[in-house]
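*Asks:* Provided below: model-v2.cif, containing mmCIF, C-alpha atoms.
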```cif
data_upload
loop_
_atom_site.label_atom_id
_atom_site.label_comp_id
_atom_site.auth_asym_id
_atom_site.auth_seq_id
_atom_site.Cartn_x
_atom_site.Cartn_y
_atom_site.Cartn_z
CA MET Q 1 -16.96 -49.78 10.62
CA ILE Q 2 -13.35 -50.93 10.75
CA GLU Q 3 -13.06 -49.96 14.40
CA ASN Q 4 -15.95 -52.28 15.31
CA PHE Q 5 -14.64 -55.40 13.62
CA PRO Q 6 -13.18 -57.96 16.02
CA ASP Q 7 -10.03 -57.75 13.95
CA LYS Q 8 -9.29 -54.38 12.32
CA LYS Q 9 -7.46 -56.12 9.50
CA GLU Q 10 -10.72 -57.83 8.53
CA GLY Q 11 -12.45 -54.44 8.38
CA ALA Q 12 -9.68 -53.01 6.20
CA LEU Q 13 -9.88 -56.02 3.90
CA LEU Q 14 -13.62 -55.59 3.51
CA LYS Q 15 -13.07 -51.93 2.66
CA LEU Q 16 -10.52 -52.77 -0.03
CA ASN Q 17 -12.85 -55.38 -1.51
CA PHE Q 18 -15.66 -52.87 -1.76
CA LEU Q 19 -13.29 -50.42 -3.47
CA SER Q 20 -12.16 -53.00 -6.03
CA GLN Q 21 -13.28 -52.73 -9.63
CA ARG Q 22 -14.92 -56.17 -9.35
CA ILE Q 23 -17.30 -55.04 -6.61
CA VAL Q 24 -17.70 -51.44 -7.85
CA SER Q 25 -18.84 -52.70 -11.25
CA LEU Q 26 -21.85 -54.38 -9.58
CA TYR Q 27 -23.20 -51.02 -8.43
CA CYS Q 28 -21.97 -48.33 -10.87
CA SER Q 29 -19.57 -47.58 -13.69
CA GLU Q 30 -15.90 -47.05 -13.04
CA ALA Q 31 -16.24 -43.43 -14.17
CA GLU Q 32 -19.08 -42.83 -11.70
CA PHE Q 33 -17.03 -44.35 -8.89
CA LEU Q 34 -13.97 -42.26 -9.72
CA TYR Q 35 -16.12 -39.14 -9.86
CA GLU Q 36 -17.16 -39.77 -6.25
CA ILE Q 37 -13.53 -40.38 -5.26
CA CYS Q 38 -12.27 -37.24 -7.03
CA THR Q 39 -14.87 -34.97 -5.42
CA LEU Q 40 -14.85 -36.26 -1.83
CA ARG Q 41 -14.40 -33.57 0.77
CA ASN Q 42 -12.19 -35.90 2.82
CA LEU Q 43 -9.98 -38.22 0.79
CA GLU Q 44 -7.87 -39.28 3.77
CA SER Q 45 -10.05 -42.33 4.39
CA PHE Q 46 -8.98 -43.63 0.97
CA SER Q 47 -5.22 -43.45 1.19
CA LYS Q 48 -3.14 -44.37 -1.85
CA ASP Q 49 -1.42 -47.06 0.21
CA GLU Q 50 -4.69 -48.91 0.57
CA PHE Q 51 -6.34 -48.00 -2.68
CA ASN Q 52 -4.28 -46.80 -5.64
CA TYR Q 53 -6.79 -44.42 -7.20
CA GLU Q 54 -4.10 -42.99 -9.50
CA THR Q 55 -3.76 -46.33 -11.31
CA ARG Q 56 -7.55 -46.55 -11.67
CA ILE Q 57 -7.71 -43.04 -13.12
CA ASP Q 58 -4.91 -43.78 -15.58
CA LEU Q 59 -6.58 -47.00 -16.69
CA LEU Q 60 -9.84 -45.19 -17.38
CA ALA Q 61 -7.97 -42.58 -19.42
CA GLN Q 62 -6.19 -45.32 -21.35
CA LYS Q 63 -9.06 -47.74 -21.97
CA GLN Q 64 -12.12 -45.45 -22.01
CA PRO Q 65 -10.80 -42.01 -23.02
CA LEU Q 66 -14.19 -40.55 -23.86
CA ASP Q 67 -15.60 -41.62 -20.49
CA PHE Q 68 -12.52 -40.14 -18.90
CA ILE Q 69 -12.98 -36.80 -20.66
CA ASN Q 70 -16.61 -36.69 -19.57
CA LEU Q 71 -15.41 -37.45 -16.04
CA LEU Q 72 -13.14 -34.40 -16.22
CA VAL Q 73 -16.06 -32.29 -17.41
CA ARG Q 74 -18.13 -33.37 -14.40
CA ILE Q 75 -15.23 -32.72 -12.05
CA SER Q 76 -14.70 -29.25 -13.51
CA GLU Q 77 -18.32 -28.36 -12.71
CA THR Q 78 -18.01 -29.11 -8.99
CA ASP Q 79 -16.91 -26.92 -6.13
CA ILE Q 80 -14.62 -29.57 -4.68
CA ILE Q 81 -11.63 -31.05 -6.48
CA ASN Q 82 -9.46 -33.04 -4.11
CA GLU Q 83 -6.00 -34.56 -4.61
CA ALA Q 84 -7.39 -37.36 -6.76
CA GLY Q 85 -9.30 -34.87 -8.89
CA GLN Q 86 -6.20 -32.77 -9.36
CA TYR Q 87 -4.30 -35.86 -10.44
CA ALA Q 88 -6.98 -36.66 -13.01
CA MET Q 89 -6.91 -33.12 -14.35
CA ASN Q 90 -3.17 -32.65 -14.51
CA ASN Q 91 -1.53 -36.04 -14.92
CA SER Q 92 -4.01 -38.24 -16.73
CA PHE Q 93 -5.25 -35.52 -19.04
CA ARG Q 94 -1.95 -35.38 -20.88
CA LYS Q 95 -2.27 -39.06 -21.76
CA ILE Q 96 -5.31 -38.48 -23.95
CA ASP Q 97 -4.64 -38.62 -27.67
CA ASN Q 98 -4.50 -35.13 -29.22
CA HIS Q 99 -6.83 -36.19 -32.01
CA MET Q 100 -9.49 -37.24 -29.50
CA LEU Q 101 -9.04 -34.02 -27.54
CA THR Q 102 -9.46 -31.98 -30.71
CA ASP Q 103 -12.57 -33.93 -31.66
CA PHE Q 104 -14.06 -33.44 -28.20
CA ALA Q 105 -13.25 -29.73 -28.26
CA GLU Q 106 -14.98 -29.32 -31.63
CA LYS Q 107 -18.21 -30.79 -30.26
CA ASN Q 108 -18.06 -29.56 -26.66
CA TRP Q 109 -16.05 -26.35 -26.66
CA ARG Q 110 -17.38 -24.77 -23.46
CA SER Q 111 -16.82 -27.99 -21.52
CA PHE Q 112 -13.36 -28.28 -22.99
CA VAL Q 113 -12.50 -24.74 -21.84
CA ASN Q 114 -13.61 -25.61 -18.31
CA ILE Q 115 -11.29 -28.62 -18.32
CA ALA Q 116 -8.37 -26.67 -19.77
CA MET Q 117 -8.77 -23.90 -17.21
CA LEU Q 118 -8.10 -26.43 -14.47
CA ASN Q 119 -5.19 -27.98 -16.33
CA PRO Q 120 -2.08 -25.75 -16.19
CA GLU Q 121 0.07 -28.36 -17.91
CA TYR Q 122 -2.15 -28.39 -20.99
CA VAL Q 123 -2.33 -24.59 -21.15
CA ASN Q 124 1.43 -24.33 -20.65
CA ARG Q 125 1.93 -26.69 -23.59
CA GLY Q 126 0.61 -23.94 -25.86
CA ASP Q 127 -1.33 -25.96 -28.45
CA TRP Q 128 -4.19 -23.46 -28.10
CA ILE Q 129 -2.08 -20.66 -29.60
CA ASP Q 130 -2.92 -22.06 -33.05
CA TYR Q 131 -6.68 -22.17 -32.42
CA PRO Q 132 -9.11 -19.98 -34.45
CA LYS Q 133 -9.37 -16.46 -33.07
CA ASP Q 134 -12.57 -16.84 -31.03
CA ARG Q 135 -11.28 -20.00 -29.36
CA PHE Q 136 -7.84 -18.51 -28.92
CA ASN Q 137 -9.48 -15.63 -27.03
CA ASP Q 138 -11.29 -18.09 -24.76
CA MET Q 139 -8.04 -19.89 -23.98
CA MET Q 140 -6.23 -16.60 -23.49
CA ALA Q 141 -8.80 -15.73 -20.83
CA CYS Q 142 -7.81 -18.94 -19.04
CA PHE Q 143 -4.12 -18.26 -19.54
CA VAL Q 144 -4.14 -14.84 -17.87
CA ILE Q 145 -5.66 -16.11 -14.61
CA MET Q 146 -3.48 -19.17 -14.10
CA ASP Q 147 0.11 -19.84 -13.03
CA ARG Q 148 2.32 -19.06 -16.04
CA SER Q 149 5.68 -19.83 -14.45
CA LEU Q 150 6.16 -23.00 -16.53
CA PHE Q 151 4.88 -21.58 -19.82
CA CYS Q 152 7.59 -21.64 -22.52
CA ASN Q 153 5.90 -20.60 -25.78
CA TRP Q 154 6.20 -16.86 -25.23
CA ASN Q 155 7.61 -16.10 -28.70
CA LYS Q 156 4.85 -18.04 -30.41
CA LEU Q 157 2.24 -16.28 -28.29
CA LEU Q 158 3.76 -12.87 -29.01
CA ILE Q 159 3.57 -13.43 -32.76
CA ARG Q 160 -0.06 -14.55 -32.49
CA VAL Q 161 -0.94 -11.48 -30.42
CA LEU Q 162 0.67 -9.24 -33.04
CA VAL Q 163 -0.91 -10.92 -36.06
CA ASP Q 164 -4.41 -10.86 -34.60
CA HIS Q 165 -4.02 -7.43 -32.96
CA ILE Q 166 -4.98 -8.81 -29.55
CA THR Q 167 -5.34 -6.18 -26.83
CA LEU Q 168 -3.78 -7.22 -23.53
CA SER Q 169 -3.79 -5.89 -20.00
CA ARG Q 170 -0.66 -3.92 -19.20
CA GLN Q 171 0.51 -6.62 -16.79
CA ILE Q 172 0.19 -9.45 -19.33
CA ALA Q 173 1.73 -7.33 -22.12
CA GLU Q 174 4.75 -6.51 -19.95
CA GLU Q 175 5.09 -10.16 -18.92
CA LEU Q 176 4.89 -11.26 -22.55
CA PHE Q 177 7.54 -8.71 -23.57
CA LEU Q 178 9.83 -9.76 -20.71
CA ASN Q 179 9.62 -13.49 -21.40
CA ALA Q 180 9.76 -13.58 -25.20
CA ASP Q 181 13.23 -13.75 -26.75
CA ASN Q 182 14.13 -10.57 -28.68
CA ALA Q 183 10.62 -9.24 -28.14
CA ALA Q 184 11.51 -5.72 -29.27
CA LYS Q 185 12.92 -6.98 -32.58
CA ILE Q 186 9.89 -9.22 -33.20
CA ILE Q 187 7.52 -6.32 -32.57
CA LEU Q 188 9.48 -3.80 -34.63
CA ASP Q 189 9.91 -6.24 -37.52
CA TYR Q 190 6.17 -6.81 -37.53
CA LEU Q 191 5.36 -3.08 -37.40
CA ASN Q 192 7.77 -2.45 -40.27
CA LYS Q 193 5.60 -4.36 -42.72
CA GLU Q 194 3.63 -2.14 -45.07
CA ASN Q 195 -0.08 -1.77 -44.33
CA THR Q 196 0.32 -3.30 -40.88
CA LYS Q 197 -2.20 -2.04 -38.34
CA PRO Q 198 -1.21 -0.80 -34.87
CA VAL Q 199 -0.76 -3.47 -32.20
CA ASP Q 200 -1.18 -3.51 -28.42
CA ALA Q 201 -0.10 -0.11 -27.10
CA THR Q 202 1.90 -1.51 -24.17
CA LEU Q 203 3.88 -3.84 -26.44
CA THR Q 204 4.65 -0.97 -28.81
CA LYS Q 205 5.75 1.23 -25.93
CA LYS Q 206 8.00 -1.48 -24.49
CA ALA Q 207 9.62 -2.10 -27.89
CA CYS Q 208 10.52 1.59 -28.19
CA GLU Q 209 11.57 2.53 -24.67
CA ASN Q 210 15.24 1.68 -25.26
CA SER Q 211 16.52 4.26 -27.76
CA ASN Q 212 19.80 2.47 -28.32
CA LEU Q 213 18.02 -0.79 -29.14
CA LEU Q 214 15.57 1.02 -31.42
CA LEU Q 215 18.33 2.80 -33.36
CA SER Q 216 20.38 -0.38 -33.56
CA TRP Q 217 17.39 -2.15 -35.08
CA LEU Q 218 16.83 0.77 -37.49
CA SER Q 219 20.42 0.55 -38.69
CA GLN Q 220 19.58 -2.86 -40.18
CA GLN Q 221 16.55 -1.60 -42.13
CA LYS Q 222 16.43 -0.32 -45.70
CA THR Q 223 12.92 1.10 -45.46
CA CYS Q 224 10.47 1.91 -42.71
CA SER Q 225 6.69 1.65 -42.63
CA ASP Q 226 4.34 4.45 -41.70
CA LEU Q 227 3.97 2.97 -38.23
CA ILE Q 228 7.72 2.84 -37.68
CA GLU Q 229 8.02 6.37 -39.03
CA GLN Q 230 5.56 7.55 -36.38
CA ILE Q 231 7.30 5.54 -33.67
CA LEU Q 232 10.63 7.16 -34.50
CA ILE Q 233 9.14 10.64 -34.49
CA ASN Q 234 7.40 10.02 -31.17
CA ASN Q 235 10.25 8.30 -29.35
CA ILE Q 236 13.58 9.62 -30.65
CA ILE Q 237 15.03 13.02 -29.78
CA PRO Q 238 16.92 14.19 -32.89
CA ALA Q 239 19.26 16.44 -30.92
CA SER Q 240 20.39 13.66 -28.57
CA GLN Q 241 23.92 12.35 -28.27
CA ILE Q 242 22.89 8.81 -29.18
CA VAL Q 243 21.42 10.01 -32.50
CA ARG Q 244 24.67 11.73 -33.41
CA GLN Q 245 26.61 8.58 -32.51
CA TYR Q 246 24.70 6.51 -35.05
CA GLY Q 247 25.54 8.94 -37.87
CA SER Q 248 23.52 10.84 -40.44
CA GLY Q 249 23.07 7.98 -42.91
CA LEU Q 250 20.76 6.11 -40.51
CA TRP Q 251 17.84 8.33 -41.49
CA GLN Q 252 17.96 7.70 -45.22
CA CYS Q 253 15.22 5.09 -44.76
CA LEU Q 254 13.01 7.85 -43.36
CA VAL Q 255 13.69 10.57 -45.89
CA VAL Q 256 13.06 8.33 -48.92
CA LYS Q 257 9.42 8.18 -47.82
CA ASP Q 258 8.94 11.92 -48.27
CA ASN Q 259 6.06 12.54 -50.68
CA ASN Q 260 5.75 16.24 -49.83
CA HIS Q 261 2.51 15.52 -47.99
CA LYS Q 262 3.79 14.24 -44.67
CA SER Q 263 2.74 15.58 -41.27
CA ILE Q 264 4.43 18.66 -39.93
CA ASP Q 265 5.89 16.50 -37.15
CA TYR Q 266 7.72 14.49 -39.81
CA TYR Q 267 9.27 17.63 -41.28
CA LEU Q 268 10.13 19.06 -37.87
CA PHE Q 269 11.92 15.81 -37.07
CA LEU Q 270 13.98 15.96 -40.28
CA PHE Q 271 14.66 19.65 -39.72
CA GLU Q 272 16.16 18.99 -36.30
CA LEU Q 273 18.17 16.05 -37.63
CA ALA Q 274 19.73 18.35 -40.22
CA PHE Q 275 21.50 20.34 -37.50
CA GLN Q 276 23.22 17.33 -35.95
CA TRP Q 277 25.84 16.94 -38.74
CA GLN Q 278 27.42 18.96 -41.53
CA ASP Q 279 27.35 16.60 -44.48
CA ASN Q 280 25.32 15.75 -47.57
CA ASN Q 281 22.78 13.71 -45.62
CA ALA Q 282 22.14 16.56 -43.21
CA LEU Q 283 21.75 18.93 -46.13
CA LEU Q 284 19.21 16.58 -47.70
CA TYR Q 285 17.17 16.52 -44.50
CA LEU Q 286 17.19 20.30 -44.40
CA GLU Q 287 16.15 20.60 -48.03
CA CYS Q 288 13.28 18.15 -47.48
CA SER Q 289 11.95 19.94 -44.42
CA PHE Q 290 12.68 23.65 -44.70
CA TYR Q 291 10.02 24.58 -47.24
CA HIS Q 292 7.21 22.82 -45.33
CA ILE Q 293 8.21 24.45 -42.07
CA HIS Q 294 8.49 27.85 -43.74
CA GLU Q 295 4.98 27.41 -45.15
CA ALA Q 296 3.64 26.43 -41.73
CA LEU Q 297 5.15 29.56 -40.18
CA ARG Q 298 3.45 31.65 -42.85
CA HIS Q 299 0.20 30.48 -41.30
CA SER Q 300 1.35 31.49 -37.81
CA SER Q 301 1.90 28.00 -36.44
CA ALA Q 302 2.88 28.42 -32.78
CA LYS Q 303 3.76 24.73 -32.55
CA VAL Q 304 6.27 25.03 -35.39
CA TRP Q 305 7.79 28.20 -34.00
CA ASP Q 306 8.30 26.59 -30.60
CA ALA Q 307 10.14 23.73 -32.31
CA VAL Q 308 12.46 25.80 -34.56
CA TYR Q 309 13.05 29.15 -32.90
CA THR Q 310 16.49 28.08 -31.61
CA HIS Q 311 17.63 27.88 -35.25
CA THR Q 312 16.40 31.36 -36.17
CA GLU Q 313 18.12 34.73 -36.10
CA SER Q 314 16.94 37.99 -34.57
CA LEU Q 315 15.78 40.94 -36.68
CA PRO Q 316 15.46 44.69 -36.10
CA PHE Q 317 12.60 45.39 -33.69
CA TRP Q 318 10.31 46.65 -36.48
CA GLN Q 319 10.62 43.24 -38.20
CA GLU Q 320 10.30 41.07 -35.08
CA TRP Q 321 6.85 39.92 -36.18
CA ASP Q 322 8.26 38.17 -39.27
CA LYS Q 323 9.00 34.66 -38.07
CA CYS Q 324 9.50 33.39 -41.62
CA LYS Q 325 12.29 35.87 -42.21
CA LYS Q 326 13.88 34.94 -38.88
CA LEU Q 327 13.87 31.32 -40.03
CA ARG Q 328 15.31 32.17 -43.44
CA LYS Q 329 18.08 34.19 -41.90
CA GLY Q 330 18.90 31.54 -39.30
CA VAL Q 331 19.07 28.70 -41.83
CA VAL Q 332 21.20 30.63 -44.31
CA LYS Q 333 23.66 31.69 -41.61
CA TYR Q 334 23.89 28.09 -40.42
CA LEU Q 335 24.58 26.81 -43.96
CA LYS Q 336 27.20 29.46 -44.53
CA ARG Q 337 28.86 28.86 -41.16
CA SER Q 338 28.90 25.08 -41.75
CA GLY Q 339 30.83 25.40 -44.99
CA TYR Q 340 28.12 24.52 -47.51
CA ASN Q 341 28.34 26.08 -50.98
CA ARG Q 342 26.13 29.03 -51.89
CA SER Q 343 24.95 27.22 -55.01
CA ILE Q 344 22.79 24.84 -52.97
CA LEU Q 345 20.30 27.68 -52.47
CA ILE Q 346 19.50 28.05 -56.16
CA ASP Q 347 17.07 25.11 -56.05
CA PHE Q 348 16.74 24.79 -52.28
CA THR Q 349 12.93 24.90 -52.33
CA PRO Q 350 10.23 24.51 -55.03
CA ASP Q 351 9.51 28.25 -54.67
CA LYS Q 352 11.84 30.32 -56.91
CA ASP Q 353 11.07 33.58 -55.11
CA LEU Q 354 11.89 31.99 -51.78
CA ASN Q 355 15.18 30.71 -53.19
CA GLN Q 356 16.06 34.25 -54.30
CA GLN Q 357 15.34 35.58 -50.82
CA LEU Q 358 17.69 32.97 -49.36
CA LEU Q 359 20.42 33.92 -51.84
CA LYS Q 360 19.96 37.56 -50.98
CA ILE Q 361 20.44 36.82 -47.28
CA TRP Q 362 23.60 34.84 -48.14
CA ASN Q 363 24.99 37.75 -50.15
CA ASN Q 364 24.35 40.20 -47.36
#
```
Can you give me the file's structure in the form of structure tokens?
*Replies:*
Amino acid sequence: MIENFPDKKEGALLKLNFLSQRIVSLYCSEAEFLYEICTLRNLESFSKDEFNYETRIDLLAQKQPLDFINLLVRISETDIINEAGQYAMNNSFRKIDNHMLTDFAEKNWRSFVNIAMLNPEYVNRGDWIDYPKDRFNDMMACFVIMDRSLFCNWNKLLIRVLVDHITLSRQIAEELFLNADNAAKIILDYLNKENTKPVDATLTKKACENSNLLLSWLSQQKTCSDLIEQILINNIIPASQIVRQYGSGLWQCLVVKDNNHKSIDYYLFLFELAFQWQDNNALLYLECSFYHIHEALRHSSAKVWDAVYTHTESLPFWQEWDKCKKLRKGVVKYLKRSGYNRSILIDFTPDKDLNQQLLKIWNN
């Protein structure tokens, strides 16, 4: 049309008049007009130099916030969101009062999610981390498919994931662990609470993969939960150099939990720890574990034998079958060689006959 005016300036002026709020209001609402602008396939004909659509969008958000929110809902349901639509979603959206947003979300949750999914700035702000669990899950689904490079609330998100036992993809779990400050400490502190349930497996694995960090954290603890106990057993090698460096006293928090009904893995762990030092702590670990391991060998436990055979002694060929005796002989020789006093064997186990057998080996 402009090209066919005798003077192109007159055509441009007519165009601007038709785009003005004064003229638009004669034919449709401002929100309806802006919807058409925000979803045009070709916005180039409406350049910001001629028609400042950003100001119009901001004014609608400021003066008619509910109409503006409904505009965003309509935009979110289309296949085309041009530069103006993106501006409405990302820039104007943040100008809406939080109370109004909350009220709208309560009444129109699915529509609100659609808006939020197209609004990285809002998602990056992290308000949704405090939402009820079902709504948090909806927002989390948006979060994992959008650009997270500007997201800053990683620690807050990590705590929420732990508290609600949210399962994550490995990629998101690793990203969360990498970006949160002191993620390993946060996770371990949480797992060290009594009666805490297991959390996302990838987060747990990441928190435990650095043995030095794990043992450093443990050195600050007075007790350990059942989950931490299992983590230590599964991730720490008792006969490693780093374990010896931290000293025997580190494991007091583990041994105080012994109720004589722990798993055999627990007792095998203590048993191996006992051979890393020659002091009272090491002796305590041996006393706590020996009887349970001896009982397991009585029932021909191949798993236990594979774990302890390096601490046993050989016997005459006609007694080679007796793994329990090999263990007794190996432990007594170790105690004697390490400088412990014979008297410790008097009450070494709850079985008096077994204690007498140990004393007999010592005497021989």
*Asks:* At a cut-off of 12 Å, using all atoms listed in the file, what residues contact range 196-212 of chain Q? Leave out same-chain residues fewer than 3 positions from it and give the result as a PDB file with C-alpha atoms, keeping the file's coordinate frame.
*Replies:*
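Result file is part23.pdb:
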```pdb
ATOM      1  CA  LEU Q 158       3.760 -12.870 -29.010  1.00  0.00           C
ATOM      2  CA  ILE Q 159       3.570 -13.430 -32.760  1.00  0.00           C
ATOM      3  CA  ARG Q 160      -0.060 -14.550 -32.490  1.00  0.00           C
ATOM      4  CA  VAL Q 161      -0.940 -11.480 -30.420  1.00  0.00           C
ATOM      5  CA  LEU Q 162       0.670  -9.240 -33.040  1.00  0.00           C
ATOM      6  CA  VAL Q 163      -0.910 -10.920 -36.060  1.00  0.00           C
ATOM      7  CA  ASP Q 164      -4.410 -10.860 -34.600  1.00  0.00           C
ATOM      8  CA  HIS Q 165      -4.020  -7.430 -32.960  1.00  0.00           C
ATOM      9  CA  ILE Q 166      -4.980  -8.810 -29.550  1.00  0.00           C
ATOM     10  CA  THR Q 167      -5.340  -6.180 -26.830  1.00  0.00           C
ATOM     11  CA  LEU Q 168      -3.780  -7.220 -23.530  1.00  0.00           C
ATOM     12  CA  SER Q 169      -3.790  -5.890 -20.000  1.00  0.00           C
ATOM     13  CA  ARG Q 170      -0.660  -3.920 -19.200  1.00  0.00           C
ATOM     14  CA  GLN Q 171       0.510  -6.620 -16.790  1.00  0.00           C
ATOM     15  CA  ILE Q 172       0.190  -9.450 -19.330  1.00  0.00           C
ATOM     16  CA  ALA Q 173       1.730  -7.330 -22.120  1.00  0.00           C
ATOM     17  CA  GLU Q 174       4.750  -6.510 -19.950  1.00  0.00           C
ATOM     18  CA  GLU Q 175       5.090 -10.160 -18.920  1.00  0.00           C
ATOM     19  CA  LEU Q 176       4.890 -11.260 -22.550  1.00  0.00           C
ATOM     20  CA  PHE Q 177       7.540  -8.710 -23.570  1.00  0.00           C
ATOM     21  CA  LEU Q 178       9.830  -9.760 -20.710  1.00  0.00           C
ATOM     22  CA  ALA Q 180       9.760 -13.580 -25.200  1.00  0.00           C
ATOM     23  CA  ASN Q 182      14.130 -10.570 -28.680  1.00  0.00           C
ATOM     24  CA  ALA Q 183      10.620  -9.240 -28.140  1.00  0.00           C
ATOM     25  CA  ALA Q 184      11.510  -5.720 -29.270  1.00  0.00           C
ATOM     26  CA  LYS Q 185      12.920  -6.980 -32.580  1.00  0.00           C
ATOM     27  CA  ILE Q 186       9.890  -9.220 -33.200  1.00  0.00           C
ATOM     28  CA  ILE Q 187       7.520  -6.320 -32.570  1.00  0.00           C
ATOM     29  CA  LEU Q 188       9.480  -3.800 -34.630  1.00  0.00           C
ATOM     30  CA  ASP Q 189       9.910  -6.240 -37.520  1.00  0.00           C
ATOM     31  CA  TYR Q 190       6.170  -6.810 -37.530  1.00  0.00           C
ATOM     32  CA  LEU Q 191       5.360  -3.080 -37.400  1.00  0.00           C
ATOM     33  CA  ASN Q 192       7.770  -2.450 -40.270  1.00  0.00           C
ATOM     34  CA  LYS Q 193       5.600  -4.360 -42.720  1.00  0.00           C
ATOM     35  CA  LEU Q 215      18.330   2.800 -33.360  1.00  0.00           C
ATOM     36  CA  SER Q 216      20.380  -0.380 -33.560  1.00  0.00           C
ATOM     37  CA  TRP Q 217      17.390  -2.150 -35.080  1.00  0.00           C
ATOM     38  CA  LEU Q 218      16.830   0.770 -37.490  1.00  0.00           C
ATOM     39  CA  SER Q 219      20.420   0.550 -38.690  1.00  0.00           C
ATOM     40  CA  CYS Q 224      10.470   1.910 -42.710  1.00  0.00           C
ATOM     41  CA  SER Q 225       6.690   1.650 -42.630  1.00  0.00           C
ATOM     42  CA  ASP Q 226       4.340   4.450 -41.700  1.00  0.00           C
ATOM     43  CA  LEU Q 227       3.970   2.970 -38.230  1.00  0.00           C
ATOM     44  CA  ILE Q 228       7.720   2.840 -37.680  1.00  0.00           C
ATOM     45  CA  GLN Q 230       5.560   7.550 -36.380  1.00  0.00           C
ATOM     46  CA  ILE Q 231       7.300   5.540 -33.670  1.00  0.00           C
ATOM     47  CA  LEU Q 232      10.630   7.160 -34.500  1.00  0.00           C
ATOM     48  CA  ILE Q 233       9.140  10.640 -34.490  1.00  0.00           C
ATOM     49  CA  ASN Q 234       7.400  10.020 -31.170  1.00  0.00           C
ATOM     50  CA  ASN Q 235      10.250   8.300 -29.350  1.00  0.00           C
ATOM     51  CA  ILE Q 236      13.580   9.620 -30.650  1.00  0.00           C
ATOM     52  CA  ILE Q 237      15.030  13.020 -29.780  1.00  0.00           C
ATOM     53  CA  PRO Q 238      16.920  14.190 -32.890  1.00  0.00           C
ATOM     54  CA  SER Q 240      20.390  13.660 -28.570  1.00  0.00           C
ATOM     55  CA  GLN Q 241      23.920  12.350 -28.270  1.00  0.00           C
ATOM     56  CA  ILE Q 242      22.890   8.810 -29.180  1.00  0.00           C
ATOM     57  CA  VAL Q 243      21.420  10.010 -32.500  1.00  0.00           C
ATOM     58  CA  ARG Q 244      24.670  11.730 -33.410  1.00  0.00           C
ATOM     59  CA  GLN Q 245      26.610   8.580 -32.510  1.00  0.00           C
ATOM     60  CA  TYR Q 246      24.700   6.510 -35.050  1.00  0.00           C
TER      61      TYR Q 246
END
```
*Asks:* Skip range 36-42 of chain Q itself and residues of its chain fewer than 5 positions away, then list as a PDB file with C-alpha atoms, keeping the file's coordinate frame all residues within 10 Å of it, counting all atoms listed in the file.
*Replies:*
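As written to disk, result.pdb reads:
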```pdb
ATOM      1  CA  ALA Q  31     -16.240 -43.430 -14.170  1.00  0.00           C
ATOM      2  CA  TYR Q  53      -6.790 -44.420  -7.200  1.00  0.00           C
ATOM      3  CA  ILE Q  57      -7.710 -43.040 -13.120  1.00  0.00           C
ATOM      4  CA  LEU Q  71     -15.410 -37.450 -16.040  1.00  0.00           C
ATOM      5  CA  LEU Q  72     -13.140 -34.400 -16.220  1.00  0.00           C
ATOM      6  CA  ARG Q  74     -18.130 -33.370 -14.400  1.00  0.00           C
ATOM      7  CA  ILE Q  75     -15.230 -32.720 -12.050  1.00  0.00           C
ATOM      8  CA  SER Q  76     -14.700 -29.250 -13.510  1.00  0.00           C
ATOM      9  CA  THR Q  78     -18.010 -29.110  -8.990  1.00  0.00           C
ATOM     10  CA  ASP Q  79     -16.910 -26.920  -6.130  1.00  0.00           C
ATOM     11  CA  ILE Q  80     -14.620 -29.570  -4.680  1.00  0.00           C
ATOM     12  CA  ILE Q  81     -11.630 -31.050  -6.480  1.00  0.00           C
ATOM     13  CA  ASN Q  82      -9.460 -33.040  -4.110  1.00  0.00           C
ATOM     14  CA  GLU Q  83      -6.000 -34.560  -4.610  1.00  0.00           C
ATOM     15  CA  ALA Q  84      -7.390 -37.360  -6.760  1.00  0.00           C
ATOM     16  CA  GLY Q  85      -9.300 -34.870  -8.890  1.00  0.00           C
ATOM     17  CA  GLN Q  86      -6.200 -32.770  -9.360  1.00  0.00           C
ATOM     18  CA  TYR Q  87      -4.300 -35.860 -10.440  1.00  0.00           C
ATOM     19  CA  ALA Q  88      -6.980 -36.660 -13.010  1.00  0.00           C
ATOM     20  CA  MET Q  89      -6.910 -33.120 -14.350  1.00  0.00           C
TER      21      MET Q  89
END
```
*Asks:* Given the PyMOL selection byres ((chain Q and resi 60) around 12) and the file above, list the residues it selects as a PyMOL selection string.
*Replies:* chain Q and resi 21+29-35+53-59+61-72+88+92-93+95-96
*Asks:* Those same residues - C-alpha atoms - I'd like them written as a compact mmCIF listing (two decimals), keeping the file's coordinate frame.
*Replies:*
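Output saved as out.txt:
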```txt
# COMPACT_ATOMS: atom_id res chain seq x y z
CA GLN Q 21 -13.28 -52.73 -9.63
CA SER Q 29 -19.57 -47.58 -13.69
CA GLU Q 30 -15.90 -47.05 -13.04
CA ALA Q 31 -16.24 -43.43 -14.17
CA GLU Q 32 -19.08 -42.83 -11.70
CA PHE Q 33 -17.03 -44.35 -8.89
CA LEU Q 34 -13.97 -42.26 -9.72
CA TYR Q 35 -16.12 -39.14 -9.86
CA TYR Q 53 -6.79 -44.42 -7.20
CA GLU Q 54 -4.10 -42.99 -9.50
CA THR Q 55 -3.76 -46.33 -11.31
CA ARG Q 56 -7.55 -46.55 -11.67
CA ILE Q 57 -7.71 -43.04 -13.12
CA ASP Q 58 -4.91 -43.78 -15.58
CA LEU Q 59 -6.58 -47.00 -16.69
CA ALA Q 61 -7.97 -42.58 -19.42
CA GLN Q 62 -6.19 -45.32 -21.35
CA LYS Q 63 -9.06 -47.74 -21.97
CA GLN Q 64 -12.12 -45.45 -22.01
CA PRO Q 65 -10.80 -42.01 -23.02
CA LEU Q 66 -14.19 -40.55 -23.86
CA ASP Q 67 -15.60 -41.62 -20.49
CA PHE Q 68 -12.52 -40.14 -18.90
CA ILE Q 69 -12.98 -36.80 -20.66
CA ASN Q 70 -16.61 -36.69 -19.57
CA LEU Q 71 -15.41 -37.45 -16.04
CA LEU Q 72 -13.14 -34.40 -16.22
CA ALA Q 88 -6.98 -36.66 -13.01
CA SER Q 92 -4.01 -38.24 -16.73
CA PHE Q 93 -5.25 -35.52 -19.04
CA LYS Q 95 -2.27 -39.06 -21.76
CA ILE Q 96 -5.31 -38.48 -23.95
```
